[in-house]
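Notes for the one structure printed next.
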Amino acid sequence: MNYRMILRIIGYILFMEAFLMLPGAVISWFDGEPDVVRAYMISIAIILVVGALFTWTGRKARKGFYAREGFVTTGLSWLVMSALGCLPFWISRQIPSYVDCMFEMVSGFTTTGSSILSNVEGLSRGLLYWRSFSHWVGGMGVLVFLMAIVPLSGKNGGFTLHILRAESPGPSVGKMVPRMKKTALILYLIYTGLTVIDFILLCLAGMPVFDAFCHAVGTAGTGGFGVRNDSLAGYSPAAQTITTVFMFLFGVNFSCYYLILLKRFKDVFHDEELRAYLLIIFASIAVISLNIRGLYGSLGEAIHHAAFQVGTVMSTTGFATADFDLWPALSKSIMLILMLGGACAGSTGGGLKIARFVLMLKALRRNIHENLHPTEVRRVKMNGQGVDEKVLANLHGYLIAYVGILIISFLIISLDGFSMETNISAVFATFNNIGPGFGAVGPTMNYYAYSNLSKMVMIFNMLAGRLEIMPMLVLFSRTTWRTK
C-alpha cells in the first residue's frame, strides 16, 4: 500500500477545502458575526495544519499506485474532508452536536440534502454558504476537481484512472479524451458553465443573489440544501420552473454534453440511457399529474408540481415546492420507485443509475434467451457496443452489496421506534442521496430525532451511495490493509 502517496493526495484536498471555506468567513465578517468568523479561522487553521502534516509525510512517495490505493484514497478523502469540513458548524455552536455536524456535512458533500435542522433560516449566511457550496464541491467529485487543477499524475502509471474509477458514478468509467487530466478539466468546465447559466436565470427570475447562488450550486450538485425553511416553495413559479429544468439537466450523463459540443447529435440521440431517462421522466410526470389533479386548482399547476417533485427525486436533488408525503398512494409509490432509479451514470445524481437498470433488463433478456437456446451465445450490447462481461459481473456484485446494506441499515435504524414507512424511506433517501423521504423524514421534516447510532449508519449510507459502495467497503476489509 502506497501510504505516502495517499496522505499526499489527502493533504492537497485539505488545502483545497481550507481555501474554499474562505468566502464563508468573508460573508460572516461582512454580516458582523465574529463568533462564526472565529469558528472559520480556527477550522481553517486546523485543516491547514493537518494538510501540511499529510503532504510533508507524503513528500517522498513512491510511484506505484494501483486500484487498491485508488479506492482507499477516495474513501479516506471523503471521510477526512467531512470530519474536518463540519468544524465551523460545531465550533460556532450553531449545531452543538458533532455527530449532527458530521451528518450535515456528509449530506452536503455527498449531495444528499438530508438535514437535521428544523430551522434552516436560523443559521448564519456564512454557514449557509458552506452548507450549500459543499454540494457543488462534491457533485462532480472532489478528486476529479483536484485532478483538473493540480498536476498530480506525473509518472505514476495510470493513477488518475484508478482514482476516477473509484469516485465516478455509474457502472463503468470512460475517458472522453486520451488524457485523464483533460477529461477532468472538460467535465468541470461543462459543470461550471451550466451552474453559471442556472445562477443568472434564477437572478433574472427575481431570486436574491445569495439565494440564487446557493440554489444554483445546490442544483448543480443535485444536493438540495435550501436557505429557507420551505425550500423553494416561497419563490416564484418561474424560479421553480428554472430549477426543475436544471435538475433534469444535471441528471444527464455529462458525456452527452461533450458530444453536443462536438456536434455529434446523432450519438446523443441514440444514447439508450438518455432515452430511458427521458421516458421515465415524462411517464412519471404524466401519471402523477393526473393522480394529483384534484389537489390543485388547474391541470397546469398539477403538472408544475409533479414535474418539480419528479425532477427533485429522480435527479436526487432534494428541493421541494410541495409536500409529496400528502399525495395519493399511487403518486407516493412512483416517487419511492424513482428514489431507487436515480439519474444517469456520469451525472451528479445518485441512486442506482438508469444505466444499471438498462443493463439489468438486457442481461435478463439474454438469460431468458439462453435458457430457450442453450447452445447459442449472445452478448449484451449498450449503444450498439458489446458490454464487457466484467462490467456485468461488477453489476451483480454491486446489487448484492446494495441490497445487503439496505437491509442491515433498515434493521439498525428500526431500533429507534419510527414507523416502517419512515425507516424505509430514510434508508432509501440517504443511501440513494435523495434527501427527503416519507413520514417523519418527509419534505417538511428532518432527521434530527434519530439516535446517534442511526445517524452514523446513515452517514455511512450517504458516503457509500455517493462513492458507488466499493470504496467504503474496501476501507472496512481486512484484505485491504494486509501487506503483501
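Chain labels run A, B, ... following the order of the C-alpha cells; each chain numbers its residues from 1, and ligands are numbered from 1 in the order shown.
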Write out as a PyMOL selection string the residues lying within 7 Å of Gly223 in chain A, counting only C-alpha atoms and excluding same-chain residues fewer than 6 positions away.
chain A and resi 108+111-113+135+317-318
Next, the residues of the selection above should be written as a compact mmCIF listing (two decimals), in the first residue's frame with N, CA and C atoms.
# COMPACT_ATOMS: atom_id res chain seq x y z
N GLY A 108 -23.99 17.20 2.80
CA GLY A 108 -23.65 18.24 1.84
C GLY A 108 -22.68 17.75 0.78
N THR A 111 -23.97 15.28 -1.66
CA THR A 111 -25.10 15.85 -2.39
C THR A 111 -26.41 15.14 -2.05
N THR A 112 -26.55 14.75 -0.78
CA THR A 112 -27.77 14.07 -0.35
C THR A 112 -28.86 15.08 -0.03
N GLY A 113 -28.54 16.05 0.82
CA GLY A 113 -29.54 17.07 1.18
C GLY A 113 -30.41 16.70 2.36
N HIS A 135 -22.31 21.03 -1.75
CA HIS A 135 -22.94 20.27 -2.82
C HIS A 135 -22.15 20.39 -4.12
N THR A 317 -31.96 15.46 -6.15
CA THR A 317 -31.60 16.79 -5.66
C THR A 317 -32.14 17.04 -4.26
N GLY A 318 -33.45 16.94 -4.07
CA GLY A 318 -33.98 17.06 -2.72
C GLY A 318 -34.68 18.36 -2.39
Taking 3 positions as the minimum chain separation for residues in the same chain, which residues sit within 12 Å of Gly397 in chain A when counting only C-alpha atoms? Answer as a PyMOL selection string.
chain A and resi 171+390-394+400-404+468-470+473
Using backbone DSSP assignments, extract all alpha helix (DSSP H) residues from range 387-436 of chain A; output them as an NGL selection string.
:A and (389-413 or 420-431)
With N, CA and C atoms retained, write the just-selected residues as a compact mmCIF listing (two decimals), in the first residue's frame.
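Heads up, here's the output in part_10.txt:
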# COMPACT_ATOMS: atom_id res chain seq x y z
N GLU A 389 -18.01 -8.49 -20.07
CA GLU A 389 -18.60 -9.37 -19.06
C GLU A 389 -18.17 -8.97 -17.65
N LYS A 390 -17.00 -8.34 -17.54
CA LYS A 390 -16.54 -7.89 -16.23
C LYS A 390 -17.45 -6.79 -15.69
N VAL A 391 -17.98 -5.95 -16.58
CA VAL A 391 -18.92 -4.91 -16.16
C VAL A 391 -20.18 -5.54 -15.61
N LEU A 392 -20.68 -6.59 -16.26
CA LEU A 392 -21.88 -7.28 -15.79
C LEU A 392 -21.62 -7.98 -14.47
N ALA A 393 -20.43 -8.58 -14.32
CA ALA A 393 -20.08 -9.23 -13.05
C ALA A 393 -20.02 -8.20 -11.92
N ASN A 394 -19.44 -7.03 -12.19
CA ASN A 394 -19.38 -5.96 -11.20
C ASN A 394 -20.79 -5.46 -10.84
N LEU A 395 -21.66 -5.45 -11.85
CA LEU A 395 -23.05 -5.04 -11.63
C LEU A 395 -23.73 -5.99 -10.64
N HIS A 396 -23.53 -7.29 -10.83
CA HIS A 396 -24.13 -8.26 -9.92
C HIS A 396 -23.59 -8.10 -8.50
N GLY A 397 -22.28 -7.91 -8.38
CA GLY A 397 -21.69 -7.68 -7.07
C GLY A 397 -22.22 -6.42 -6.41
N TYR A 398 -22.37 -5.37 -7.21
CA TYR A 398 -22.90 -4.10 -6.71
C TYR A 398 -24.31 -4.29 -6.16
N LEU A 399 -25.15 -5.02 -6.89
CA LEU A 399 -26.54 -5.21 -6.47
C LEU A 399 -26.63 -6.01 -5.17
N ILE A 400 -25.75 -7.01 -5.03
CA ILE A 400 -25.74 -7.79 -3.79
C ILE A 400 -25.37 -6.89 -2.60
N ALA A 401 -24.33 -6.09 -2.78
CA ALA A 401 -23.91 -5.18 -1.71
C ALA A 401 -25.00 -4.14 -1.44
N TYR A 402 -25.63 -3.64 -2.49
CA TYR A 402 -26.68 -2.62 -2.38
C TYR A 402 -27.84 -3.13 -1.52
N VAL A 403 -28.33 -4.31 -1.87
CA VAL A 403 -29.47 -4.88 -1.14
C VAL A 403 -29.06 -5.21 0.30
N GLY A 404 -27.86 -5.75 0.48
CA GLY A 404 -27.39 -6.10 1.82
C GLY A 404 -27.30 -4.89 2.73
N ILE A 405 -26.76 -3.78 2.22
CA ILE A 405 -26.64 -2.56 3.02
C ILE A 405 -28.01 -2.00 3.35
N LEU A 406 -28.94 -2.03 2.38
CA LEU A 406 -30.30 -1.55 2.63
C LEU A 406 -30.95 -2.33 3.78
N ILE A 407 -30.84 -3.65 3.74
CA ILE A 407 -31.49 -4.48 4.77
C ILE A 407 -30.88 -4.23 6.14
N ILE A 408 -29.55 -4.27 6.23
CA ILE A 408 -28.87 -4.08 7.52
C ILE A 408 -29.17 -2.69 8.08
N SER A 409 -29.10 -1.67 7.23
CA SER A 409 -29.36 -0.30 7.68
C SER A 409 -30.79 -0.15 8.19
N PHE A 410 -31.72 -0.73 7.46
CA PHE A 410 -33.13 -0.66 7.86
C PHE A 410 -33.34 -1.30 9.23
N LEU A 411 -32.73 -2.45 9.46
CA LEU A 411 -32.88 -3.14 10.75
C LEU A 411 -32.29 -2.33 11.90
N ILE A 412 -31.14 -1.70 11.67
CA ILE A 412 -30.48 -0.94 12.74
C ILE A 412 -31.29 0.30 13.12
N ILE A 413 -31.70 1.07 12.10
CA ILE A 413 -32.40 2.31 12.44
C ILE A 413 -33.82 2.05 12.93
N MET A 420 -42.46 2.04 9.90
CA MET A 420 -41.77 1.33 8.85
C MET A 420 -41.60 2.23 7.62
N GLU A 421 -42.63 3.01 7.28
CA GLU A 421 -42.57 3.91 6.13
C GLU A 421 -41.43 4.92 6.32
N THR A 422 -41.33 5.47 7.52
CA THR A 422 -40.28 6.44 7.80
C THR A 422 -38.90 5.81 7.68
N ASN A 423 -38.71 4.63 8.26
CA ASN A 423 -37.40 3.99 8.26
C ASN A 423 -36.97 3.54 6.86
N ILE A 424 -37.89 2.94 6.11
CA ILE A 424 -37.55 2.50 4.76
C ILE A 424 -37.18 3.69 3.89
N SER A 425 -37.99 4.75 3.95
CA SER A 425 -37.71 5.92 3.11
C SER A 425 -36.44 6.64 3.57
N ALA A 426 -36.15 6.61 4.88
CA ALA A 426 -34.92 7.24 5.39
C ALA A 426 -33.69 6.54 4.82
N VAL A 427 -33.73 5.20 4.80
CA VAL A 427 -32.61 4.44 4.25
C VAL A 427 -32.50 4.68 2.75
N PHE A 428 -33.63 4.63 2.03
CA PHE A 428 -33.62 4.89 0.60
C PHE A 428 -33.08 6.29 0.30
N ALA A 429 -33.57 7.26 1.08
CA ALA A 429 -33.23 8.66 0.81
C ALA A 429 -31.76 8.96 1.06
N THR A 430 -31.19 8.36 2.11
CA THR A 430 -29.78 8.63 2.40
C THR A 430 -28.85 7.79 1.52
N PHE A 431 -29.17 6.53 1.31
CA PHE A 431 -28.32 5.65 0.53
C PHE A 431 -28.30 6.04 -0.95
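CA of Phe357 in chain A is positioned 12.6 Å from CA of Arg275 in chain A.
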Which residues of range 188-285 of chain A come within 8 Å of range 119-122 of chain A, and what is each one's closest atom pair and distance in Å (one decimal), counting only C-alpha atoms, sorted by chain and residue number, as a Markdown table?
| residue | atom | partner | partner_atom | distance |
| --- | --- | --- | --- | --- |
| A:Gly226 | CA | A:Val120 | CA | 7.8 |
| A:Val227 | CA | A:Glu121 | CA | 6.3 |
| A:Arg228 | CA | A:Glu121 | CA | 5.5 |
| A:Asn229 | CA | A:Val120 | CA | 5.5 |
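For the choices A:Asp100, A:Glu17, A:Asp230, A:Glu273, the atom-to-atom distance to Ile354 in chain A is smallest for A:Glu273 when using only C-alpha atoms.
Using only C-alpha atoms, the smallest distance between any of A:Asn2, A:Ile46, A:Gln94, A:Ala307 and Phe15 in chain A comes from A:Ile46.
Backbone DSSP over range 245-402 of chain A gives strand (DSSP E or B) for Lys381, Met382, Gln385 and Gly386 of chain A.
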Restricted to N, CA and C atoms, what would the selected residues look like written as a PDB file, in the first residue's frame?
ATOM      1  N   LYS A 381     -25.447  -5.746 -25.333  1.00  0.00           N
ATOM      2  CA  LYS A 381     -24.949  -4.543 -26.009  1.00  0.00           C
ATOM      3  C   LYS A 381     -25.581  -3.297 -25.423  1.00  0.00           C
ATOM      4  N   MET A 382     -24.798  -2.222 -25.391  1.00  0.00           N
ATOM      5  CA  MET A 382     -25.268  -0.917 -24.925  1.00  0.00           C
ATOM      6  C   MET A 382     -24.828   0.114 -25.954  1.00  0.00           C
ATOM      7  N   GLN A 385     -22.683  -1.251 -28.790  1.00  0.00           N
ATOM      8  CA  GLN A 385     -21.384  -1.845 -28.499  1.00  0.00           C
ATOM      9  C   GLN A 385     -21.526  -2.926 -27.435  1.00  0.00           C
ATOM     10  N   GLY A 386     -20.738  -3.988 -27.586  1.00  0.00           N
ATOM     11  CA  GLY A 386     -20.780  -5.072 -26.619  1.00  0.00           C
ATOM     12  C   GLY A 386     -20.296  -4.635 -25.247  1.00  0.00           C
TER      13      GLY A 386
END
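Of the residues listed (A:Ile6, A:Leu232, A:Ile116, A:Leu20), A:Leu232 shows the shortest atom-to-atom separation from Thr321 in chain A; distances use only C-alpha atoms.
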Please determine, counting only C-alpha atoms, which residue among A:Val80, A:Val287, A:Leu185, A:Leu117 has the shortest atom-to-atom distance to Pro96 in chain A.
A:Leu117
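Counting only C-alpha atoms and comparing A:Phe319, A:Tyr448, A:Ser333, A:Ile10, the residue that lies closest to Leu76 in chain A is A:Ile10.
Counting only C-alpha atoms and comparing A:Gly51, A:Gly70, A:Gly311, A:Gly346, the residue that lies closest to Phe248 in chain A is A:Gly311.
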Give me the residues within 6 Å of Trp136 in chain A as a PDB file with N, CA and C atoms, in the first residue's frame, counting only C-alpha atoms and dropping any in the same chain fewer than 2 places off.
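Everything below was put into out05.pdb:
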ATOM      1  N   PHE A 133     -22.543  25.216  -0.721  1.00  0.00           N
ATOM      2  CA  PHE A 133     -21.427  25.071  -1.660  1.00  0.00           C
ATOM      3  C   PHE A 133     -20.790  23.685  -1.572  1.00  0.00           C
ATOM      4  N   SER A 134     -20.953  23.012  -0.427  1.00  0.00           N
ATOM      5  CA  SER A 134     -20.433  21.648  -0.307  1.00  0.00           C
ATOM      6  C   SER A 134     -21.064  20.739  -1.349  1.00  0.00           C
ATOM      7  N   GLY A 138     -18.821  18.483  -3.959  1.00  0.00           N
ATOM      8  CA  GLY A 138     -18.945  17.033  -4.037  1.00  0.00           C
ATOM      9  C   GLY A 138     -19.665  16.524  -5.259  1.00  0.00           C
ATOM     10  N   GLY A 139     -20.381  17.418  -5.959  1.00  0.00           N
ATOM     11  CA  GLY A 139     -21.217  16.987  -7.070  1.00  0.00           C
ATOM     12  C   GLY A 139     -20.478  16.247  -8.164  1.00  0.00           C
ATOM     13  N   VAL A 217     -25.717  26.282  -7.022  1.00  0.00           N
ATOM     14  CA  VAL A 217     -24.685  25.277  -6.707  1.00  0.00           C
ATOM     15  C   VAL A 217     -25.321  24.015  -6.134  1.00  0.00           C
ATOM     16  N   GLY A 221     -24.991  20.321  -8.043  1.00  0.00           N
ATOM     17  CA  GLY A 221     -24.516  19.123  -7.363  1.00  0.00           C
ATOM     18  C   GLY A 221     -25.626  18.135  -7.070  1.00  0.00           C
TER      19      GLY A 221
END
Contacts of Tyr258 in chain A within 9 Å, only C-alpha atoms, excl. fewer than 2 positions in-chain, as a PyMOL selection string
chain A and resi 176+186-187+190+254-256+260-264
